[in-house]
Structure formats: structure tokens, C-alpha cells
file model.cif (mmCIF, C-alpha atoms)
data_work
loop_
_atom_site.label_atom_id
_atom_site.label_comp_id
_atom_site.auth_asym_id
_atom_site.auth_seq_id
_atom_site.Cartn_x
_atom_site.Cartn_y
_atom_site.Cartn_z
CA MET A 1 -31.88 22.49 -14.41
CA LYS A 2 -29.85 20.32 -16.80
CA LYS A 3 -26.71 20.95 -14.76
CA LEU A 4 -28.50 19.90 -11.60
CA PHE A 5 -29.57 16.62 -13.22
CA LEU A 6 -25.99 16.00 -14.37
CA VAL A 7 -24.59 16.62 -10.90
CA ILE A 8 -27.18 14.31 -9.29
CA PHE A 9 -26.50 11.60 -11.90
CA ALA A 10 -22.73 11.84 -11.36
CA ALA A 11 -23.14 11.70 -7.58
CA ILE A 12 -25.34 8.58 -7.81
CA PHE A 13 -22.85 6.92 -10.17
CA ILE A 14 -19.84 7.65 -7.93
CA PHE A 15 -21.77 6.50 -4.84
CA SER A 16 -22.86 3.18 -6.37
CA ALA A 17 -19.40 2.49 -7.81
CA SER A 18 -17.71 3.15 -4.48
CA VAL A 19 -20.27 1.00 -2.64
CA ALA A 20 -19.59 -1.90 -5.04
CA LEU A 21 -15.83 -1.53 -4.64
CA ALA A 22 -16.05 -1.22 -0.87
CA GLN A 23 -18.21 -4.37 -0.70
CA THR A 24 -15.59 -6.49 -2.48
CA THR A 25 -12.69 -5.22 -0.38
CA THR A 26 -14.74 -5.57 2.83
CA TYR A 27 -15.24 -9.31 2.40
CA LEU A 28 -11.55 -9.87 1.85
CA SER A 29 -10.38 -7.59 4.67
CA ASP A 30 -13.01 -9.11 7.02
CA TYR A 31 -11.78 -12.56 6.08
CA ASN A 32 -8.14 -11.63 6.77
CA PHE A 33 -9.08 -9.99 10.05
CA GLN A 34 -11.10 -12.98 11.26
CA LEU A 35 -8.32 -15.35 10.18
CA ASP A 36 -5.88 -13.43 12.38
CA GLN A 37 -8.37 -13.45 15.25
CA TYR A 38 -8.85 -17.21 14.85
CA ARG A 39 -5.10 -17.86 14.97
CA GLN A 40 -4.72 -15.86 18.18
CA ASN A 41 -7.79 -17.41 19.80
CA TYR A 42 -6.83 -20.90 18.75
CA ALA A 43 -3.36 -20.55 20.32
CA GLU A 44 -5.01 -19.46 23.59
CA TYR A 45 -7.58 -22.25 23.37
CA THR A 46 -4.82 -24.86 22.93
CA ASN A 47 -3.12 -23.63 26.13
CA PHE A 48 -6.35 -23.55 28.16
CA LYS A 49 -7.36 -26.97 26.91
CA LYS A 50 -3.98 -28.37 27.92
CA ASP A 51 -4.37 -26.83 31.40
CA TYR A 52 -7.83 -28.37 31.63
CA ASP A 53 -6.58 -31.79 30.48
CA ASP A 54 -3.76 -31.65 33.04
CA ARG A 55 -5.91 -30.31 35.92
CA PRO A 56 -9.63 -30.63 35.20
CA THR A 57 -10.83 -28.07 37.73
CA LEU A 58 -14.05 -26.07 37.28
CA ASN A 59 -12.04 -22.89 36.83
CA ASN A 60 -9.87 -24.42 34.11
CA GLU A 61 -12.96 -25.86 32.43
CA GLN A 62 -14.61 -22.44 32.34
CA LYS A 63 -11.50 -20.80 30.88
CA ALA A 64 -11.24 -23.51 28.20
CA ILE A 65 -14.95 -23.20 27.26
CA LEU A 66 -14.74 -19.42 27.02
CA SER A 67 -11.63 -19.62 24.87
CA ALA A 68 -13.20 -22.33 22.66
CA LYS A 69 -16.26 -20.13 22.19
CA GLN A 70 -14.12 -17.17 21.03
CA THR A 71 -12.18 -19.43 18.66
CA ILE A 72 -15.38 -20.87 17.17
CA ILE A 73 -16.89 -17.40 16.64
CA SER A 74 -13.81 -16.15 14.77
CA ARG A 75 -13.64 -19.41 12.79
CA GLU A 76 -17.28 -19.16 11.72
CA LEU A 77 -16.90 -15.51 10.70
CA ALA A 78 -13.73 -16.35 8.76
CA TRP A 79 -15.52 -19.20 6.94
CA ALA A 80 -18.49 -16.95 6.11
CA ASN A 81 -16.26 -14.23 4.67
CA PHE A 82 -14.16 -16.76 2.77
CA TYR A 83 -17.27 -18.05 0.99
CA LEU A 84 -18.40 -14.50 0.26
CA VAL A 85 -14.99 -13.74 -1.28
CA LEU A 86 -15.34 -16.84 -3.48
CA SER A 87 -18.92 -15.95 -4.38
CA GLU A 88 -17.87 -12.40 -5.27
CA SER A 89 -15.10 -13.76 -7.50
CA ILE A 90 -17.63 -15.96 -9.34
CA SER A 91 -20.09 -13.09 -9.84
CA LYS A 92 -17.42 -10.58 -10.92
CA PRO A 93 -17.24 -11.54 -14.64
CA GLY A 94 -21.05 -11.13 -14.81
CA VAL A 95 -21.61 -14.47 -16.52
CA THR A 96 -24.91 -16.33 -16.43
CA TYR A 97 -24.49 -20.10 -16.68
CA PRO A 98 -26.31 -22.87 -14.74
CA VAL A 99 -23.28 -24.16 -12.79
CA ILE A 100 -22.25 -20.59 -11.97
CA ASN A 101 -25.70 -19.44 -10.82
CA GLU A 102 -25.99 -22.55 -8.67
CA ALA A 103 -22.57 -21.94 -7.12
CA THR A 104 -23.32 -18.35 -6.09
CA THR A 105 -26.65 -19.42 -4.53
CA ASP A 106 -24.96 -22.28 -2.65
CA LEU A 107 -22.14 -20.08 -1.40
CA THR A 108 -24.50 -17.38 -0.16
CA GLY A 109 -26.43 -20.07 1.74
CA ILE A 110 -23.25 -21.52 3.23
CA ALA A 111 -21.97 -18.07 4.23
CA ASN A 112 -25.29 -17.31 5.94
CA TYR A 113 -25.11 -20.64 7.77
CA HIS A 114 -21.68 -19.71 9.18
CA PHE A 115 -22.86 -16.23 10.17
CA GLY A 116 -25.72 -17.94 12.01
CA GLN A 117 -23.32 -20.36 13.68
CA ALA A 118 -21.16 -17.45 14.86
CA GLY A 119 -24.26 -16.07 16.60
CA LYS A 120 -25.22 -19.46 18.00
CA ALA A 121 -21.71 -20.05 19.35
CA GLY A 122 -22.27 -17.10 21.67
CA ASN A 123 -24.75 -19.28 23.61
CA ILE A 124 -22.21 -22.01 24.43
CA ALA A 125 -21.98 -22.10 28.21
CA THR A 126 -21.19 -25.68 29.19
CA ARG A 127 -18.95 -28.51 28.10
CA ALA A 128 -22.00 -30.34 26.74
CA ASP A 129 -23.07 -27.27 24.71
CA LEU A 130 -19.61 -27.16 23.13
CA THR A 131 -19.65 -30.85 22.24
CA SER A 132 -23.14 -30.70 20.76
CA PHE A 133 -22.28 -27.57 18.75
CA THR A 134 -19.18 -29.19 17.26
CA GLN A 135 -21.00 -32.48 16.53
CA GLU A 136 -23.70 -30.61 14.62
CA GLU A 137 -21.14 -28.47 12.82
CA LEU A 138 -19.19 -31.52 11.63
CA THR A 139 -22.32 -33.01 10.06
CA VAL A 140 -23.18 -29.79 8.24
CA LEU A 141 -19.61 -29.17 7.08
CA ALA A 142 -19.57 -32.60 5.43
CA SER A 143 -22.65 -31.58 3.43
CA HIS A 144 -20.91 -28.36 2.33
CA ARG A 145 -17.94 -30.13 0.76
CA LEU A 146 -19.70 -30.93 -2.53
CA PRO A 147 -21.11 -27.45 -3.30
CA VAL A 148 -17.81 -25.84 -2.27
CA THR A 149 -15.83 -28.12 -4.60
CA GLN A 150 -18.25 -27.36 -7.43
CA SER A 151 -18.01 -23.62 -6.69
CA GLN A 152 -14.23 -23.71 -7.01
CA VAL A 153 -14.58 -25.05 -10.58
CA ALA A 154 -17.45 -22.65 -11.29
CA ASN A 155 -15.17 -19.77 -10.29
CA LYS A 156 -12.67 -20.79 -12.97
CA LEU A 157 -15.37 -21.49 -15.56
CA ALA A 158 -16.84 -18.01 -15.01
CA GLN A 159 -13.50 -16.47 -15.99
CA LEU A 160 -13.09 -18.68 -19.07
CA ILE A 161 -16.66 -18.04 -20.23
CA LYS A 162 -16.02 -14.29 -19.87
CA PHE A 163 -12.95 -14.67 -22.10
CA GLN A 164 -15.09 -16.54 -24.60
CA ILE A 165 -17.72 -13.77 -24.60
CA ASP A 166 -15.01 -11.15 -25.10
CA ALA A 167 -13.48 -13.15 -27.94
CA LYS A 168 -16.93 -13.39 -29.60
CA ILE A 169 -17.36 -9.61 -29.33
CA ALA A 170 -13.90 -9.16 -30.87
CA TYR A 171 -14.72 -11.55 -33.70
CA ASP A 172 -18.07 -9.86 -34.42
CA SER A 173 -16.40 -6.46 -34.61
CA LEU A 174 -13.69 -7.84 -36.90
CA VAL A 175 -15.83 -9.61 -39.55
CA PRO A 176 -17.27 -6.44 -41.20
CA LYS A 177 -13.78 -4.96 -41.44
CA LEU A 178 -12.56 -8.03 -43.33
CA GLU A 179 -15.32 -7.78 -45.96
CA ALA A 180 -12.92 -6.54 -48.68
CA VAL A 181 -10.42 -9.38 -48.18
CA LYS A 182 -12.71 -12.17 -47.03
CA ASN A 183 -12.06 -14.24 -50.18
CA GLU A 184 -8.29 -14.29 -49.68
CA VAL A 185 -7.18 -17.80 -48.73
CA VAL A 186 -5.32 -16.74 -45.57
CA VAL A 187 -8.26 -14.70 -44.27
CA LYS A 188 -10.71 -17.47 -45.11
CA ASN A 189 -8.53 -20.00 -43.26
CA GLY A 190 -8.25 -17.64 -40.29
CA LEU A 191 -12.01 -17.19 -40.04
CA ASP A 192 -12.52 -20.96 -40.33
CA GLN A 193 -9.98 -21.54 -37.55
CA VAL A 194 -11.85 -19.10 -35.30
CA GLN A 195 -15.06 -21.07 -35.88
CA THR A 196 -13.36 -24.39 -35.19
CA TYR A 197 -11.62 -23.22 -32.00
CA SER A 198 -14.83 -21.60 -30.73
CA ALA A 199 -16.79 -24.82 -31.22
CA GLN A 200 -14.06 -26.83 -29.47
CA ILE A 201 -13.87 -24.40 -26.53
CA ASN A 202 -17.65 -24.30 -26.10
CA GLY A 203 -17.73 -28.09 -26.17
CA GLN A 204 -14.99 -28.38 -23.54
CA ILE A 205 -16.62 -25.76 -21.28
CA GLU A 206 -19.93 -27.61 -21.48
CA ALA A 207 -18.21 -30.94 -20.75
CA LEU A 208 -16.42 -29.55 -17.70
CA ALA A 209 -19.60 -27.86 -16.44
CA LYS A 210 -21.48 -31.16 -16.78
CA LYS A 211 -18.70 -33.07 -15.06
CA THR A 212 -18.82 -30.53 -12.21
CA THR A 213 -22.59 -30.78 -11.84
CA ASP A 214 -22.47 -34.58 -11.93
CA PHE A 215 -19.55 -34.78 -9.48
CA ASN A 216 -20.23 -37.08 -6.57
CA LEU A 217 -17.97 -36.97 -3.53
CA ASP A 218 -19.03 -40.45 -2.43
CA GLU A 219 -17.71 -41.99 -5.62
CA SER A 220 -14.74 -39.77 -6.46
CA ASN A 221 -11.87 -38.27 -4.59
CA GLN A 222 -11.90 -34.48 -4.24
CA ASN A 223 -8.19 -34.05 -5.03
CA GLN A 224 -8.47 -36.28 -8.06
CA PHE A 225 -11.43 -34.22 -9.28
CA TYR A 226 -9.48 -30.99 -8.82
CA ALA A 227 -6.56 -32.46 -10.79
CA THR A 228 -8.80 -33.58 -13.68
CA ALA A 229 -10.69 -30.25 -13.73
CA SER A 230 -7.42 -28.34 -13.64
CA GLU A 231 -6.17 -30.28 -16.66
CA ALA A 232 -9.41 -29.50 -18.53
CA LEU A 233 -9.10 -25.79 -17.63
CA ARG A 234 -5.53 -25.79 -18.94
CA GLY A 235 -6.77 -27.28 -22.23
CA ILE A 236 -9.50 -24.65 -22.60
CA ARG A 237 -7.04 -21.85 -21.84
CA SER A 238 -4.67 -23.17 -24.49
CA LEU A 239 -7.44 -23.22 -27.12
CA GLN A 240 -8.59 -19.72 -26.15
CA ASN A 241 -5.04 -18.51 -26.48
CA ARG A 242 -4.87 -19.85 -30.04
CA LEU A 243 -8.30 -18.43 -30.88
CA VAL A 244 -7.39 -14.91 -29.74
CA ALA A 245 -4.00 -15.16 -31.48
CA VAL A 246 -5.81 -15.78 -34.80
CA ILE A 247 -8.19 -12.86 -34.17
CA ILE A 248 -5.24 -10.56 -33.39
CA ASP A 249 -3.39 -11.76 -36.50
CA LEU A 250 -6.40 -11.04 -38.71
CA ASP A 251 -6.88 -7.64 -37.08
CA THR A 252 -3.22 -6.63 -37.34
CA ASN A 253 -2.38 -7.91 -40.80
CA TYR A 254 -5.58 -7.96 -42.86
CA VAL A 255 -7.69 -5.07 -41.62
CA ARG A 256 -6.92 -1.67 -43.18
CA HIS A 257 -6.12 0.70 -40.28
CA MET B 1 84.55 37.18 -3.06
CA SER B 2 85.38 40.86 -2.83
CA GLY B 3 84.79 43.39 -5.62
CA THR B 4 88.49 43.73 -6.41
CA LYS B 5 88.82 39.98 -6.77
CA VAL B 6 85.99 39.95 -9.29
CA LYS B 7 87.60 42.76 -11.23
CA ASN B 8 90.97 41.01 -11.21
CA PHE B 9 89.36 37.73 -12.23
CA LEU B 10 87.61 39.35 -15.18
CA LEU B 11 90.69 41.25 -16.25
CA ASN B 12 92.69 38.06 -16.05
CA LEU B 13 90.17 36.39 -18.33
CA TYR B 14 89.68 39.31 -20.67
CA PRO B 15 92.70 41.70 -20.58
CA GLU B 16 91.10 43.68 -23.37
CA LEU B 17 88.55 44.98 -20.88
CA THR B 18 91.08 47.60 -19.70
CA ARG B 19 90.66 49.26 -23.03
CA PHE B 20 87.02 49.97 -22.29
CA GLN B 21 86.63 53.06 -20.23
CA ARG B 22 83.11 52.05 -19.38
CA PHE B 23 84.41 48.90 -17.64
CA ASN B 24 86.67 50.98 -15.47
CA GLN B 25 83.79 53.28 -14.63
CA ILE B 26 81.44 50.40 -13.70
CA THR B 27 84.02 48.65 -11.56
CA ALA B 28 84.86 51.93 -9.92
CA THR B 29 81.19 52.68 -9.07
CA VAL B 30 79.61 49.23 -8.56
CA ILE B 31 82.28 47.41 -6.61
CA PRO B 32 82.47 49.88 -3.70
CA THR B 33 78.61 49.89 -3.43
CA LEU B 34 78.46 46.11 -2.85
CA THR B 35 77.54 45.92 0.82
CA PRO B 36 78.40 42.76 2.80
CA ARG B 37 74.61 41.92 2.87
CA LEU B 38 74.31 42.23 -0.89
CA LYS B 39 77.44 40.20 -1.36
CA LYS B 40 75.96 37.45 0.82
CA ILE B 41 72.71 37.44 -1.20
CA MET B 42 74.66 37.29 -4.43
CA ARG B 43 76.85 34.50 -3.08
CA TRP B 44 73.83 32.21 -2.49
CA GLY B 45 71.32 33.78 -4.81
CA LEU B 46 73.30 33.57 -8.01
CA PRO B 47 73.91 29.77 -7.86
CA LEU B 48 70.24 29.20 -6.90
CA VAL B 49 68.95 31.35 -9.74
CA THR B 50 71.37 29.60 -12.09
CA ILE B 51 70.16 26.14 -10.98
CA LEU B 52 66.49 27.16 -11.38
CA PHE B 53 67.19 28.63 -14.76
CA VAL B 54 68.99 25.46 -15.88
CA LEU B 55 66.09 23.30 -14.64
CA LEU B 56 63.44 25.36 -16.44
CA LEU B 57 65.50 25.47 -19.58
CA GLY B 58 66.01 21.69 -19.42
CA THR B 59 62.30 21.06 -18.94
CA ALA B 60 61.44 23.32 -21.85
CA ILE B 61 63.97 21.60 -24.11
CA GLY B 62 62.74 18.17 -22.90
CA SER B 63 59.12 18.90 -23.72
CA TRP B 64 60.10 20.25 -27.11
CA LEU B 65 62.05 17.06 -27.82
CA LEU B 66 59.08 14.94 -26.55
CA GLY B 67 56.88 16.68 -29.08
CA LEU B 68 59.26 15.60 -31.82
CA PHE B 69 59.06 11.88 -30.96
CA PHE B 70 55.33 11.47 -30.16
CA PRO B 71 52.97 11.02 -33.09
CA GLU B 72 50.43 13.70 -33.71
CA LYS B 73 47.02 13.12 -32.12
CA ILE B 74 44.48 11.96 -34.67
CA THR B 75 40.88 12.76 -33.91
CA PRO B 76 38.50 10.52 -35.84
CA THR B 77 35.83 12.18 -37.82
CA PRO B 78 32.40 11.77 -36.18
CA ILE B 79 30.40 8.80 -37.44
CA GLU B 80 27.29 9.81 -39.22
CA PHE B 81 24.18 8.93 -37.14
CA ILE B 82 21.37 7.51 -39.14
CA ALA B 83 18.02 8.02 -37.42
CA PRO B 84 15.71 5.01 -37.93
CA THR B 85 12.61 5.65 -39.90
CA VAL B 86 9.64 5.67 -37.58
CA THR B 87 6.98 3.27 -38.83
CA PRO B 88 3.65 3.38 -37.02
CA SER B 89 3.23 -0.05 -35.35
CA TYR B 90 -0.40 -1.06 -34.91
CA GLN B 91 -1.40 -2.41 -31.49
CA SER B 92 -4.47 -4.60 -31.65
CA PRO B 93 -7.15 -3.70 -29.07
CA PHE B 94 -7.51 -7.44 -28.40
CA LEU B 95 -4.01 -7.79 -26.91
CA PRO B 96 -5.24 -7.21 -23.30
CA LEU B 97 -7.66 -10.13 -23.76
CA LYS B 98 -4.77 -12.35 -24.83
CA ARG B 99 -2.75 -11.25 -21.80
CA SER B 100 -5.69 -12.01 -19.46
CA ILE B 101 -6.00 -15.51 -20.94
CA GLU B 102 -2.26 -16.09 -20.54
CA GLU B 103 -2.42 -14.96 -16.91
CA PHE B 104 -5.38 -17.23 -16.12
CA ASN B 105 -4.40 -19.69 -13.37
CA PRO B 106 -5.97 -23.14 -13.90
CA ALA B 107 -4.82 -24.49 -10.49
CA LEU B 108 -7.52 -25.75 -8.12
CA PRO B 109 -8.62 -24.97 -5.45
CA ASP B 110 -8.21 -21.22 -5.87
CA PRO B 111 -8.67 -19.38 -3.52
CA LEU B 112 -7.16 -21.93 -1.18
CA PRO B 113 -9.56 -22.66 1.70
CA PRO B 114 -8.23 -21.93 5.20
CA VAL B 115 -7.31 -24.79 7.51
CA PHE B 116 -9.35 -24.70 10.72
CA ASP B 117 -9.82 -27.05 13.63
CA ASP B 118 -13.42 -28.19 13.23
CA GLN B 119 -13.26 -30.49 16.24
CA ILE B 120 -13.05 -27.95 19.06
CA SER B 121 -14.36 -29.75 22.11
CA LEU B 122 -13.37 -30.66 25.67
CA GLU B 123 -14.85 -34.14 25.29
CA PRO B 124 -14.05 -36.89 22.80
CA LEU B 125 -16.33 -36.61 19.77
CA SER B 126 -18.36 -39.59 18.56
CA GLU B 127 -17.83 -40.64 14.92
#

call {"tool": "encode", "arguments": {"input": "model.cif", "output": "C-alpha cells"}}
result
Amino acid sequence: MKKLFLVIFAAIFIFSASVALAQTTTYLSDYNFQLDQYRQNYAEYTNFKKDYDDRPTLNNEQKAILSAKQTIISRELAWANFYLVLSESISKPGVTYPVINEATTDLTGIANYHFGQAGKAGNIATRADLTSFTQEELTVLASHRLPVTQSQVANKLAQLIKFQIDAKIAYDSLVPKLEAVKNEVVVKNGLDQVQTYSAQINGQIEALAKKTTDFNLDESNQNQFYATASEALRGIRSLQNRLVAVIIDLDTNYVRH
Amino acid sequence: MSGTKVKNFLLNLYPELTRFQRFNQITATVIPTLTPRLKKIMRWGLPLVTILFVLLLGTAIGSWLLGLFFPEKITPTPIEFIAPTVTPSYQSPFLPLKRSIEEFNPALPDPLPPVFDDQISLEPLSE
């Protein structure tokens, strides 16, 4: 009976692990596939549109509309999968933080919107349908720019917060082992440095998260925001590097192995 | 060269040979047995054998002399190999975390969004 339970448990574990892995790779492979489809369809659409512009016959119009429809469908599916890839990357470290939770919710919503648009594009039949579809799409895409920009920063913050959590676990496991030498000046200094760096890193992560939440596309330039955020991320990475270097030094040189 | 000529030549060189009865016997038995074919072989064979012999002898003497002038080969004694003392080097379990931090890419946007034509239409779009 025990063996049977073990076999069932192992089977469930393997199944769930493979499902999770397959999910991640599916989004990426779907994205790549749709991107290829879009490129092919777009090249055809450009030719048909040129034919239509040169000779606006009903036949040429129909060919151009059909080709535009195919291009839009592949574009919408590519967008949807791109946002799912980004969302997956944010969720991967398993971090819970307001800006991160918000980003995954936003991205899921945006991906669903694009899936819906891919379905709706199938109904395009006339030139007017195509124009109205694109007009509506342009308005919605403009509203997506802010959450997508914030999600890009959230993706990076999720990774840095995970490093911070791992460093905290490392520090907590190290402190009891240093009990015998904790009064030595070097060890004391090392432990103090860890505290200082941790406080600085947490402060900088909070500041960047706040800046990301408060970001307003109407007032600031997206590229400028990316540049500033990138600089802040570089600073946090540098501090984390120093923090972990101190932890490793304490572990290697002052813990009895 | 006939057998008699050889005999005469030898006797001319060494007249004392007549005193040896054995010499007379050999010349009496060997010389008549020398057939024209054998004589021909001896005529060409003897100088060839002599030349070969001289060459081999010269080579042997030459190599012996070469040995006299070349210094003896000195083989160095093998250098003693000292094996380094193996000291157990401790690898902190936190090194992979450090590597992950170092590999973190702060560039934005990442992943780079694709570039699509969002204005697909057969009519001019209003702003």
C-alpha cells in the first residue's frame, strides 16, 4: 500500500513539474512561431497593398483585406504571447511585492486583450472594418504603454528581490555558525557591513519600485525612464555583489568547516 | 691471365716458393682445373670483392675514428618531481548566488518588445 502511495505521489510530482516546464516553453515557442508568421504575412500584405494602391480594383482590394487580416491575427497572437513570456519571467522568482503583483495582473489582462483581438480580426470583411479595427487598436495600445513599461522594471526588480531573499537566507544560516568568533573585530565589522548593505539595497529597491509606480508617460519620456531605472538597477546589483562577497568571506574564512 | 702466368709471376716475386713442394703440388693441380668460365669470374670478381672489402674496411675504420673525436653522450639525471601537497579548498555554497548577481543584466527593456506595424489599413487613419 505504501509503495502504491509513493508511486502515485511521484507520478503526480513528475506530471505537475513537466506541465509547468511545458507552459513556460510554450509561450516562448508560440511567440517565436507567431513572429515568423507575422513577418511572412506582413511581406505579402505590403505587396497586396501596393497592388491595390496602384490599381484599386475590387479584386485587389479583397486580396489586400484578406492579407491584412492574416497579418493582424499573427500580430495579435505574437503580442499576446510576448506579454505572457514577460509575465512568466516576472512570476518565476516567486516574489510577492506590490509593483510585481500589479505587473503580472496587468500583463495577463493585456495578453487576454490581444487574444480577443486575434479572434475579432477574423470578422474583418471590408475596408471600413479594417480601418475601424486599427483605429480602436491604436487607442488601446496607447493605454498599454504605461503598464508595459512598469512591467519591464518589475521584471528586473523581481530578480533583484529574489537575490535579496537568498542573501538573507544565507546570512541567517551563517550567524549561528559565527557564534564562537562573533566578538572578533573582523567578524563584527563583516556582520555590520552586511546590515548596512542590506538596508541600503532595501531602500534603493523601494525607491525604484515607488518611482516605477509613480511613473507618468505624459510627463516623462519612456526612454529616459528606462535609462534612469537601468542606472538604479546597476547600483542595486553592485551593492548586492558587495553584500554577498562579505557573506562569502565570513563563511570561507571565519566559519569552522 | 693464364695459370702458368700466375705461377711464373709468383715465382718471380718469391723464388723461394720452388723450395716448397706443396706449392708445386697446388700449382700442378689448381692451375689446370681453372676453366675459362672460372677465370672470367675471377678476373672481374676479384677486383669487385677487393673494392667492396676496402670500402667496408674504410667505413669501419672511419666510424671507429669518429667515436674517438665525438664527446661521450651525457644523459642528465632525472629531476626529482615534487608532488604538491593537496590542501582541501572550501567552496562556499553562496558562490552560485554571487554568480547570478554578476550575470544580472540591468539593461531595459528586456525582453525587447517586437516591432510591429500597428497601422495596417487601406485608408488613411485619422489622428

call {"tool": "interface_residues", "arguments": {"input": "model.cif", "of": "chain A", "to": "chain B", "cutoff": "6 Å", "atoms": "only C-alpha atoms", "output": "list in words"}}
result
Leu130, Thr131, Gln152, Tyr226, Ser230, Leu233 and Arg234 of chain A

call {"tool": "write_last_selection", "arguments": {"input": "model.cif", "atoms": "C-alpha atoms", "output": "short mmCIF file (atom, residue, chain, number, x, y, z; two decimals), keeping the file's coordinate frame"}}
result
data_model
loop_
_atom_site.label_atom_id
_atom_site.label_comp_id
_atom_site.auth_asym_id
_atom_site.auth_seq_id
_atom_site.Cartn_x
_atom_site.Cartn_y
_atom_site.Cartn_z
CA LEU A 130 -19.61 -27.16 23.13
CA THR A 131 -19.65 -30.85 22.24
CA GLN A 152 -14.23 -23.71 -7.01
CA TYR A 226 -9.48 -30.99 -8.82
CA SER A 230 -7.42 -28.34 -13.64
CA LEU A 233 -9.10 -25.79 -17.63
CA ARG A 234 -5.53 -25.79 -18.94
#

call {"tool": "axis_aligned_box", "arguments": {"input": "model.cif", "around": "region 71-74 of chain A", "padding_each_side": "6 Å", "output": "JSON"}}
result
{"center_x": -14.5, "center_y": -18.5, "center_z": 16.7, "size_x": 16.7, "size_y": 16.7, "size_z": 15.9}

call {"tool": "resolve_selection", "arguments": {"input": "model.cif", "expression": "the PyMOL selection byres ((chain A and resi 35) around 10)", "output": "number ranges by chain"}}
result
A: 29-34, 36-41, 74-79, 81-82; B: 114-116

call {"tool": "write_last_selection", "arguments": {"input": "model.cif", "atoms": "C-alpha atoms", "output": "mmCIF file, in the frame of the given file"}}
result
data_model
loop_
_atom_site.group_PDB
_atom_site.id
_atom_site.type_symbol
_atom_site.label_atom_id
_atom_site.label_comp_id
_atom_site.auth_asym_id
_atom_site.auth_seq_id
_atom_site.Cartn_x
_atom_site.Cartn_y
_atom_site.Cartn_z
ATOM 1 C CA SER A 29 -10.380 -7.590 4.670
ATOM 2 C CA ASP A 30 -13.010 -9.110 7.020
ATOM 3 C CA TYR A 31 -11.780 -12.560 6.080
ATOM 4 C CA ASN A 32 -8.140 -11.630 6.770
ATOM 5 C CA PHE A 33 -9.080 -9.990 10.050
ATOM 6 C CA GLN A 34 -11.100 -12.980 11.260
ATOM 7 C CA ASP A 36 -5.880 -13.430 12.380
ATOM 8 C CA GLN A 37 -8.370 -13.450 15.250
ATOM 9 C CA TYR A 38 -8.850 -17.210 14.850
ATOM 10 C CA ARG A 39 -5.100 -17.860 14.970
ATOM 11 C CA GLN A 40 -4.720 -15.860 18.180
ATOM 12 C CA ASN A 41 -7.790 -17.410 19.800
ATOM 13 C CA SER A 74 -13.810 -16.150 14.770
ATOM 14 C CA ARG A 75 -13.640 -19.410 12.790
ATOM 15 C CA GLU A 76 -17.280 -19.160 11.720
ATOM 16 C CA LEU A 77 -16.900 -15.510 10.700
ATOM 17 C CA ALA A 78 -13.730 -16.350 8.760
ATOM 18 C CA TRP A 79 -15.520 -19.200 6.940
ATOM 19 C CA ASN A 81 -16.260 -14.230 4.670
ATOM 20 C CA PHE A 82 -14.160 -16.760 2.770
ATOM 21 C CA PRO B 114 -8.230 -21.930 5.200
ATOM 22 C CA VAL B 115 -7.310 -24.790 7.510
ATOM 23 C CA PHE B 116 -9.350 -24.700 10.720
#

call {"tool": "atom_distance", "arguments": {"input": "model.cif", "atom1": "CA of Thr59 (chain B)", "atom2": "CA of Lys40 (chain B)"}}
result
29.1 Å

call {"tool": "resolve_selection", "arguments": {"input": "model.cif", "expression": "the PyMOL selection byres ((chain A and resi 111-121) around 8)", "output": "number ranges by chain"}}
result
A: 69, 72-74, 76-77, 79-81, 83-84, 107-110, 122-124, 133

call {"tool": "atom_distance", "arguments": {"input": "model.cif", "atom1": "CA of Val49 (chain B)", "atom2": "CA of Leu10 (chain B)"}}
result
21.0 Å

call {"tool": "residues_around", "arguments": {"input": "model.cif", "residues": "Phe225 (chain A)", "least_positions_apart": "3", "cutoff": "9 Å", "atoms": "only C-alpha atoms", "output": "PyMOL selection string"}}
result
chain A and resi 149+212+215+220-222+228-230

call {"tool": "atom_distance", "arguments": {"input": "model.cif", "atom1": "CA of Lys168 (chain A)", "atom2": "CA of Asn202 (chain A)"}}
result
11.5 Å

call {"tool": "residues_around", "arguments": {"input": "model.cif", "residues": "Leu239 (chain A)", "least_positions_apart": "2", "cutoff": "12 Å", "atoms": "all atoms listed in the file", "output": "MDAnalysis selection string"}}
result
(chainID A and resid 160 163:164 167 193:205 232:237 241:246) or (chainID B and resid 98 101:102)
